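Next comes target24.cif, a file with mmCIF, C-alpha atoms and all ligand atoms.
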data_model
loop_
_atom_site.label_atom_id
_atom_site.label_comp_id
_atom_site.auth_asym_id
_atom_site.auth_seq_id
_atom_site.Cartn_x
_atom_site.Cartn_y
_atom_site.Cartn_z
CA MET A 183 3.47 -6.10 8.76
CA THR A 184 4.29 -2.49 8.25
CA PHE A 185 3.31 -1.43 4.77
CA TYR A 186 5.77 0.28 2.44
CA GLU A 187 4.92 1.16 -1.11
CA ASP A 188 6.82 -0.72 -3.81
CA MET A 189 9.82 1.26 -5.12
CA SER A 190 9.74 3.70 -2.17
CA PRO A 191 12.96 4.41 -0.22
CA TYR A 192 13.66 1.76 2.41
CA SER A 193 13.36 2.90 6.02
CA TYR A 194 12.52 -0.20 8.07
CA TRP A 195 15.98 -0.58 9.58
CA LYS A 196 17.70 2.77 9.54
CA ARG A 197 21.19 1.55 10.31
CA GLY A 198 23.53 -0.54 8.22
CA ASP A 199 22.69 -3.77 6.46
CA ILE A 200 23.61 -6.92 8.41
CA PHE A 201 24.25 -10.06 6.36
CA THR A 202 24.16 -13.35 8.27
CA ASP A 203 26.15 -16.37 7.11
CA LYS A 204 23.30 -18.82 6.52
CA THR A 205 25.67 -21.77 6.44
CA THR A 206 26.67 -21.31 10.09
CA GLY A 207 24.39 -18.62 11.50
CA LEU A 208 27.42 -17.47 13.45
CA ARG A 209 28.97 -14.81 11.24
CA PHE A 210 27.56 -11.36 10.62
CA LEU A 211 28.83 -8.78 8.20
CA THR A 212 27.68 -5.21 8.85
CA PHE A 213 28.18 -2.12 6.72
CA GLU A 214 26.61 1.18 5.83
CA PRO A 215 25.17 0.66 2.35
CA ALA A 216 26.72 2.82 -0.32
CA TYR A 217 23.64 1.95 -2.35
CA GLU A 218 20.11 3.29 -2.20
CA ARG A 219 17.58 0.74 -0.91
CA LEU A 220 14.14 0.50 -2.53
CA ASN A 221 11.22 -1.32 -0.90
CA ILE A 222 9.56 -4.25 -2.63
CA GLY A 223 6.93 -6.60 -1.27
CA TRP A 224 6.14 -5.02 2.08
CA LEU A 225 2.47 -5.90 1.69
CA SER A 226 -0.41 -5.25 4.05
CA ASP A 227 -4.05 -6.29 3.98
CA ASP A 228 -5.31 -2.69 3.98
CA GLN A 229 -3.37 -1.68 0.87
CA PRO A 230 -3.87 -2.76 -2.75
CA TRP A 231 -1.23 -4.87 -4.47
CA ALA A 232 -0.83 -6.35 -7.93
CA SER A 233 -1.40 -10.00 -8.65
CA GLY A 234 -0.81 -12.05 -11.75
CA PRO A 235 1.47 -14.56 -13.40
CA VAL A 236 5.24 -14.22 -13.14
CA PRO A 237 7.94 -16.05 -15.12
CA PRO A 238 8.95 -19.41 -13.62
CA ALA A 239 12.61 -18.37 -13.94
CA PHE A 240 11.84 -15.40 -11.71
CA VAL A 241 10.40 -17.64 -9.00
CA GLU A 242 13.43 -19.90 -9.30
CA SER A 243 15.94 -17.07 -8.92
CA LEU A 244 13.94 -15.42 -6.13
CA THR A 245 13.83 -18.71 -4.22
CA ALA A 246 17.57 -19.14 -4.69
CA ALA A 247 18.17 -15.65 -3.25
CA LEU A 248 15.95 -16.50 -0.26
CA ASP A 249 17.95 -19.70 0.23
CA VAL A 250 21.34 -17.99 0.44
CA GLN A 251 20.71 -14.50 1.81
CA ALA A 252 19.72 -13.42 5.32
CA VAL A 253 19.75 -9.66 5.82
CA ASN A 254 18.72 -7.83 9.00
CA GLU A 255 17.16 -11.01 10.26
CA LEU A 256 17.05 -10.13 13.95
CA MET A 257 15.01 -6.97 13.48
CA GLY A 258 11.61 -8.53 14.04
CA LEU A 259 9.20 -11.19 12.94
CA HIS A 260 7.12 -10.53 9.84
CA GLU A 261 3.68 -12.13 9.58
CA CYS A 262 1.51 -12.48 6.51
CA GLU A 263 -1.71 -10.50 7.01
CA PHE A 264 -3.60 -12.55 4.43
CA CYS A 265 -3.19 -15.82 6.33
CA PRO A 266 -4.54 -16.91 9.72
CA PRO A 267 -2.04 -16.48 12.55
CA LEU A 268 0.52 -19.27 12.86
CA ASP A 269 1.73 -20.99 15.97
CA MET A 270 4.98 -19.10 16.43
CA SER A 271 6.86 -22.23 17.36
CA SER A 272 6.25 -23.53 13.86
CA TYR A 273 7.46 -22.14 10.58
CA GLU A 274 5.75 -24.89 8.59
CA PRO A 275 3.76 -23.67 5.61
CA LEU A 276 -0.01 -23.78 6.03
CA PRO A 277 -1.84 -26.58 4.18
CA GLY A 278 -1.81 -25.89 0.45
CA HIS A 279 1.09 -23.46 0.74
CA GLN A 280 4.71 -23.88 -0.25
CA ARG A 281 6.25 -21.28 2.04
CA SER A 282 5.70 -20.21 5.63
CA SER A 283 3.47 -17.20 6.36
CA VAL A 284 5.91 -15.91 8.97
CA GLY A 285 9.51 -14.97 8.46
CA THR A 286 12.34 -12.82 9.64
CA GLY A 287 14.81 -10.80 7.70
CA GLU A 288 15.12 -9.52 4.20
CA ILE A 289 16.95 -9.97 0.93
CA ARG A 290 18.89 -7.57 -1.29
CA ILE A 291 18.69 -7.69 -5.08
CA PRO A 292 21.03 -5.44 -7.10
CA PHE A 293 19.06 -3.05 -9.30
CA LYS A 294 20.88 -0.39 -11.28
CA PRO A 295 24.31 0.87 -10.13
CA GLY A 296 23.99 2.37 -6.66
CA SER A 297 20.55 0.96 -6.06
CA ALA A 298 19.30 -2.32 -4.57
CA PHE A 299 15.88 -3.72 -3.81
CA ALA A 300 15.07 -4.47 -0.17
CA ALA A 301 12.39 -7.12 0.24
CA PRO A 302 11.20 -9.02 3.31
CA THR A 303 11.79 -12.78 3.10
CA LEU A 304 7.99 -13.13 3.12
CA ILE A 305 8.06 -11.99 -0.50
CA GLY A 306 8.56 -15.64 -1.49
CA HIS A 307 5.31 -16.56 0.26
CA TYR A 308 3.50 -13.60 -1.31
CA VAL A 309 4.62 -14.51 -4.83
CA ILE A 310 4.24 -18.29 -4.61
CA ASP A 311 1.24 -18.68 -2.31
CA HIS A 312 -0.72 -15.47 -2.93
CA GLY A 313 0.10 -14.65 -6.58
CA TYR A 314 1.73 -11.31 -5.83
CA ARG A 315 3.28 -9.84 -8.97
CA PRO A 316 6.05 -7.36 -8.09
CA PRO A 317 6.81 -4.39 -10.38
CA ALA A 318 8.62 -5.27 -13.62
CA PRO A 319 11.93 -3.62 -12.61
CA PHE A 320 12.16 -6.01 -9.66
CA ILE A 321 11.30 -9.05 -11.77
CA ASP A 322 13.95 -8.04 -14.30
CA ALA A 323 16.54 -7.44 -11.56
CA VAL A 324 15.91 -10.85 -10.00
CA LEU A 325 16.17 -12.52 -13.42
CA ALA A 326 19.50 -10.74 -14.03
CA PHE A 327 20.91 -11.64 -10.60
CA ASP A 328 22.84 -14.83 -9.87
CA PRO A 329 22.15 -15.36 -6.16
CA ARG A 330 24.58 -18.26 -5.91
CA GLY A 331 27.44 -16.21 -7.27
CA THR A 332 29.67 -14.11 -5.09
CA SER A 333 32.04 -11.31 -5.86
CA SER A 334 33.81 -11.19 -2.52
CA ALA A 335 36.89 -13.32 -1.96
CA ARG A 336 36.92 -12.24 1.68
CA TYR A 337 33.28 -13.08 2.31
CA PRO A 338 32.29 -15.81 -0.15
CA TRP A 339 29.16 -16.54 1.91
CA VAL A 340 27.76 -13.08 1.24
CA HIS A 341 25.80 -13.55 -1.95
CA PHE A 342 25.62 -9.89 -2.82
CA PRO A 343 28.12 -7.97 -4.95
CA TRP A 344 28.54 -4.64 -3.22
CA ILE A 345 30.50 -5.26 -0.03
CA PRO A 346 32.53 -2.18 0.95
CA GLU A 347 36.09 -2.33 2.30
CA ASP A 348 35.03 -1.09 5.72
CA ALA A 349 32.48 -3.86 6.34
CA VAL A 350 32.75 -5.23 9.88
CA LEU A 351 32.74 -8.97 10.52
CA ASP A 352 31.43 -10.31 13.84
CA GLU A 353 31.81 -13.96 14.67
CA VAL A 354 30.13 -15.84 17.49
CA GLU A 355 32.46 -18.47 18.88
ZN ZN B 401 -0.08 -15.61 3.54
#

Please, can you express the file's structure as structure tokens?
Ligand SMILES: [Zn+2]
Amino acid sequence: MTFYEDMSPYSYWKRGDIFTDKTTGLRFLTFEPAYERLNIGWLSDDQPWASGPVPPAFVESLTAALDVQAVNELMGLHECEFCPPLDMSSYEPLPGHQRSSVGTGEIRIPFKPGSAFAAPTLIGHYVIDHGYRPPAPFIDAVLAFDPRGTSSARYPWVHFPWIPEDAVLDEVE
């Protein structure tokens, strides 16, 4: 997977953020973010990364965010570089692991006003199966975030608070 340093400006997908409705997979909300996006968890096997214990409540909230959010999920498959290659027809976790070593898409975690973290969905695998310890600001932001909440009456399935008025909804019939 392409490596990006933690806390660096996000540049993987240069256009707007696309949120997929995970309950149906058939609705997509697209908008130009009014927030800055900061990379977290874009790990690679030729770059150092921090490991260590993380609070259980962090893992719980991170997992909940991964369960409800799907952002930019059609922009490519991400593969863990620390695991042997998986059969691409299977997303089953490898023996001894809790989460798959391949994934698509990303999540968004609100940070401070005007700034959100952009992490690949593989971050769950990195944290839970490889002991990756993200920077403290990300851990704190995940702990402060209620992924199951929603602030949008129009798009209650978008579990992210900063949906602009000009967001465009596409629905597949
Ligand atoms: Zn792995």

Need the shell around Trp339 of chain A: protein/DNA/RNA residues with any atom at most 9 Å away, counting all atoms listed in the file. Skip same-chain ones fewer than 3 positions apart. Format as a list of chain:residue names? A:Thr202, A:Asp203, A:Lys204, A:Thr205, A:Val250, A:Gln251, A:Thr332, A:Ser334, A:Arg336, A:Phe342

List the neighbours of Ala232 of chain A out to 8 Å using only C-alpha atoms; skip same-chain residues closer than 3 positions along the sequence, and give me the result as a PyMOL selection string. chain A and resi 314-316

Residues within 12 Å of ligand ZN 401 (chain B) (only C-alpha atoms and all ligand atoms), as a PyMOL selection string? chain A and resi 183+225-227+260-268+275-285+304-314

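When all atoms listed in the file are used to compute distances to Ala239 of chain A, the closest of the residues A:Glu355, A:Ile345, A:Ala323, A:Tyr337 turns out to be A:Ala323.
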
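When atom CA of Glu218 of chain A is paired with atom CA of Asn254 of chain A, their separation reads 15.8 Å.
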
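For Glu288 of chain A, the non-local neighbours within 7 Å, defined as residues at least 2 positions apart in the same chain or in other chains and counting all atoms listed in the file, are Ala252, Val253, Asn254, Glu255, Thr286, Arg290, Ala300, Ala301, Pro302 and Thr303 of chain A.
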
With distances taken over all atoms listed in the file, which of A:Asp269, A:Ser190, A:Thr184, A:Leu256 is nearest to Gln229 of chain A?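 Closest to Gln229 of chain A of all the choices is A:Thr184.
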
Report, in Å to a single decimal, how far apart atom CA of Asp352 of chain A and atom CA of Leu211 of chain A are. 6.4 Å

(20.6, -1.3, -11.4) in this file's frame - what residues fall within 10 Å of it? Use only C-alpha atoms and give the answer as a ChimeraX atom specification. /A:291-299,319-320,322-323,326

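Of note, atom CA of Met257 of chain A and atom CA of Leu351 of chain A are spaced 18.1 Å apart.
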
Distance query Thr212 of chain A at most 6 Å, all atoms listed in the file, self and fewer than 5 positions along chain excluded, as number ranges by chain: A: 199-200, 349-350

Point out the residue among A:Ile289, A:Leu325, A:Ala335, A:Ile222 with the least atom-to-atom distance to Ser243 of chain A, counting all atoms listed in the file.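 Using all atoms listed in the file, Ser243 of chain A sits closest to A:Leu325.
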
For a quick check of understanding, using all atoms listed in the file, which of A:Val236, A:Leu208, A:Met189, A:Ala246 has the smallest distance to Leu220 of chain A?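 Nearest to Leu220 of chain A: A:Met189.
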
Using all atoms listed in the file, the residue out of A:Pro338, A:Gly258, A:Pro346, A:Gly331 with shortest distance to Tyr194 of chain A is A:Gly258

All residues 8 Å or closer to Gly198 of chain A, only C-alpha atoms, same chain fewer than 3 positions away omitted, as a ChimeraX atom specification: /A:195,212-215

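The closest residue to Pro235 of chain A, picked from A:His341, A:Ala318, A:Tyr217, A:Pro329 and counting all atoms listed in the file, is A:Ala318.
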
Could you work out an axis-aligned box for segment 226-232 of chain A, taking every atom the file lists and adding 5 Å on each side, and report centre and edge lengths in Å to one decimal, as lines of an AutoDock Vina configuration file?
center_x = -2.9
center_y = -4.0
center_z = -1.9
size_x = 14.9
size_y = 14.7
size_z = 22.0

Repair of segment 225-236 of chain A at the level of all heavy atoms, as an mmCIF file, in the frame of the given file:
data_model
loop_
_atom_site.group_PDB
_atom_site.id
_atom_site.type_symbol
_atom_site.label_atom_id
_atom_site.label_comp_id
_atom_site.auth_asym_id
_atom_site.auth_seq_id
_atom_site.Cartn_x
_atom_site.Cartn_y
_atom_site.Cartn_z
ATOM 1 N N LEU A 225 3.911 -5.952 1.910
ATOM 2 C CA LEU A 225 2.470 -5.900 1.690
ATOM 3 C C LEU A 225 1.694 -5.843 3.005
ATOM 4 O O LEU A 225 2.170 -6.281 4.047
ATOM 5 C CB LEU A 225 2.017 -7.127 0.898
ATOM 6 C CG LEU A 225 2.727 -7.416 -0.421
ATOM 7 C CD1 LEU A 225 2.064 -8.609 -1.120
ATOM 8 C CD2 LEU A 225 2.746 -6.207 -1.330
ATOM 9 N N SER A 226 0.492 -5.307 2.899
ATOM 10 C CA SER A 226 -0.410 -5.250 4.050
ATOM 11 C C SER A 226 -1.829 -5.458 3.548
ATOM 12 O O SER A 226 -2.139 -5.180 2.387
ATOM 13 C CB SER A 226 -0.270 -3.881 4.730
ATOM 14 O OG SER A 226 -1.165 -3.801 5.824
ATOM 15 N N ASP A 227 -2.690 -5.959 4.435
ATOM 16 C CA ASP A 227 -4.050 -6.290 3.980
ATOM 17 C C ASP A 227 -4.946 -5.062 3.813
ATOM 18 O O ASP A 227 -6.070 -5.184 3.346
ATOM 19 C CB ASP A 227 -4.706 -7.346 4.872
ATOM 20 C CG ASP A 227 -4.908 -6.863 6.298
ATOM 21 O OD1 ASP A 227 -4.584 -5.684 6.585
ATOM 22 O OD2 ASP A 227 -5.393 -7.645 7.120
ATOM 23 N N ASP A 228 -4.480 -3.885 4.195
ATOM 24 C CA ASP A 228 -5.310 -2.690 3.980
ATOM 25 C C ASP A 228 -4.793 -1.823 2.828
ATOM 26 O O ASP A 228 -5.167 -0.666 2.694
ATOM 27 C CB ASP A 228 -5.435 -1.874 5.269
ATOM 28 C CG ASP A 228 -4.098 -1.403 5.796
ATOM 29 O OD1 ASP A 228 -3.066 -1.681 5.147
ATOM 30 O OD2 ASP A 228 -4.082 -0.754 6.858
ATOM 31 N N GLN A 229 -3.905 -2.417 2.015
ATOM 32 C CA GLN A 229 -3.370 -1.680 0.870
ATOM 33 C C GLN A 229 -3.465 -2.555 -0.378
ATOM 34 O O GLN A 229 -3.261 -3.757 -0.290
ATOM 35 C CB GLN A 229 -1.894 -1.320 1.094
ATOM 36 C CG GLN A 229 -1.641 -0.437 2.297
ATOM 37 C CD GLN A 229 -2.044 1.017 2.064
ATOM 38 O OE1 GLN A 229 -2.146 1.450 0.912
ATOM 39 N NE2 GLN A 229 -2.288 1.749 3.138
ATOM 40 N N PRO A 230 -3.780 -1.952 -1.531
ATOM 41 C CA PRO A 230 -3.870 -2.760 -2.750
ATOM 42 C C PRO A 230 -2.493 -3.236 -3.221
ATOM 43 O O PRO A 230 -1.487 -2.572 -2.952
ATOM 44 C CB PRO A 230 -4.461 -1.780 -3.774
ATOM 45 C CG PRO A 230 -4.110 -0.429 -3.266
ATOM 46 C CD PRO A 230 -4.045 -0.529 -1.760
ATOM 47 N N TRP A 231 -2.472 -4.380 -3.871
ATOM 48 C CA TRP A 231 -1.230 -4.870 -4.470
ATOM 49 C C TRP A 231 -1.582 -5.639 -5.732
ATOM 50 O O TRP A 231 -2.698 -6.112 -5.893
ATOM 51 C CB TRP A 231 -0.416 -5.725 -3.494
ATOM 52 C CG TRP A 231 -1.193 -6.759 -2.738
ATOM 53 C CD1 TRP A 231 -1.905 -6.558 -1.584
ATOM 54 C CD2 TRP A 231 -1.380 -8.137 -3.084
ATOM 55 N NE1 TRP A 231 -2.514 -7.735 -1.196
ATOM 56 C CE2 TRP A 231 -2.199 -8.713 -2.090
ATOM 57 C CE3 TRP A 231 -0.927 -8.943 -4.131
ATOM 58 C CZ2 TRP A 231 -2.576 -10.062 -2.114
ATOM 59 C CZ3 TRP A 231 -1.298 -10.283 -4.153
ATOM 60 C CH2 TRP A 231 -2.110 -10.826 -3.150
ATOM 61 N N ALA A 232 -0.603 -5.741 -6.620
ATOM 62 C CA ALA A 232 -0.830 -6.350 -7.930
ATOM 63 C C ALA A 232 -0.686 -7.861 -7.850
ATOM 64 O O ALA A 232 0.201 -8.374 -7.165
ATOM 65 C CB ALA A 232 0.156 -5.786 -8.945
ATOM 66 N N SER A 233 -1.557 -8.559 -8.549
ATOM 67 C CA SER A 233 -1.400 -10.000 -8.650
ATOM 68 C C SER A 233 -1.377 -10.390 -10.121
ATOM 69 O O SER A 233 -1.808 -9.626 -10.983
ATOM 70 C CB SER A 233 -2.528 -10.734 -7.922
ATOM 71 O OG SER A 233 -3.762 -10.440 -8.525
ATOM 72 N N GLY A 234 -0.858 -11.574 -10.380
ATOM 73 C CA GLY A 234 -0.810 -12.050 -11.750
ATOM 74 C C GLY A 234 0.355 -12.984 -11.953
ATOM 75 O O GLY A 234 1.176 -13.178 -11.056
ATOM 76 N N PRO A 235 0.408 -13.585 -13.139
ATOM 77 C CA PRO A 235 1.470 -14.560 -13.400
ATOM 78 C C PRO A 235 2.848 -13.913 -13.463
ATOM 79 O O PRO A 235 2.977 -12.742 -13.855
ATOM 80 C CB PRO A 235 1.081 -15.155 -14.761
ATOM 81 C CG PRO A 235 0.184 -14.138 -15.394
ATOM 82 C CD PRO A 235 -0.497 -13.404 -14.277
ATOM 83 N N VAL A 236 3.848 -14.666 -13.044
ATOM 84 C CA VAL A 236 5.240 -14.220 -13.140
ATOM 85 C C VAL A 236 6.037 -15.336 -13.805
ATOM 86 O O VAL A 236 5.634 -16.493 -13.770
ATOM 87 C CB VAL A 236 5.841 -13.908 -11.745
ATOM 88 C CG1 VAL A 236 5.189 -12.671 -11.147
ATOM 89 C CG2 VAL A 236 5.707 -15.092 -10.808
#
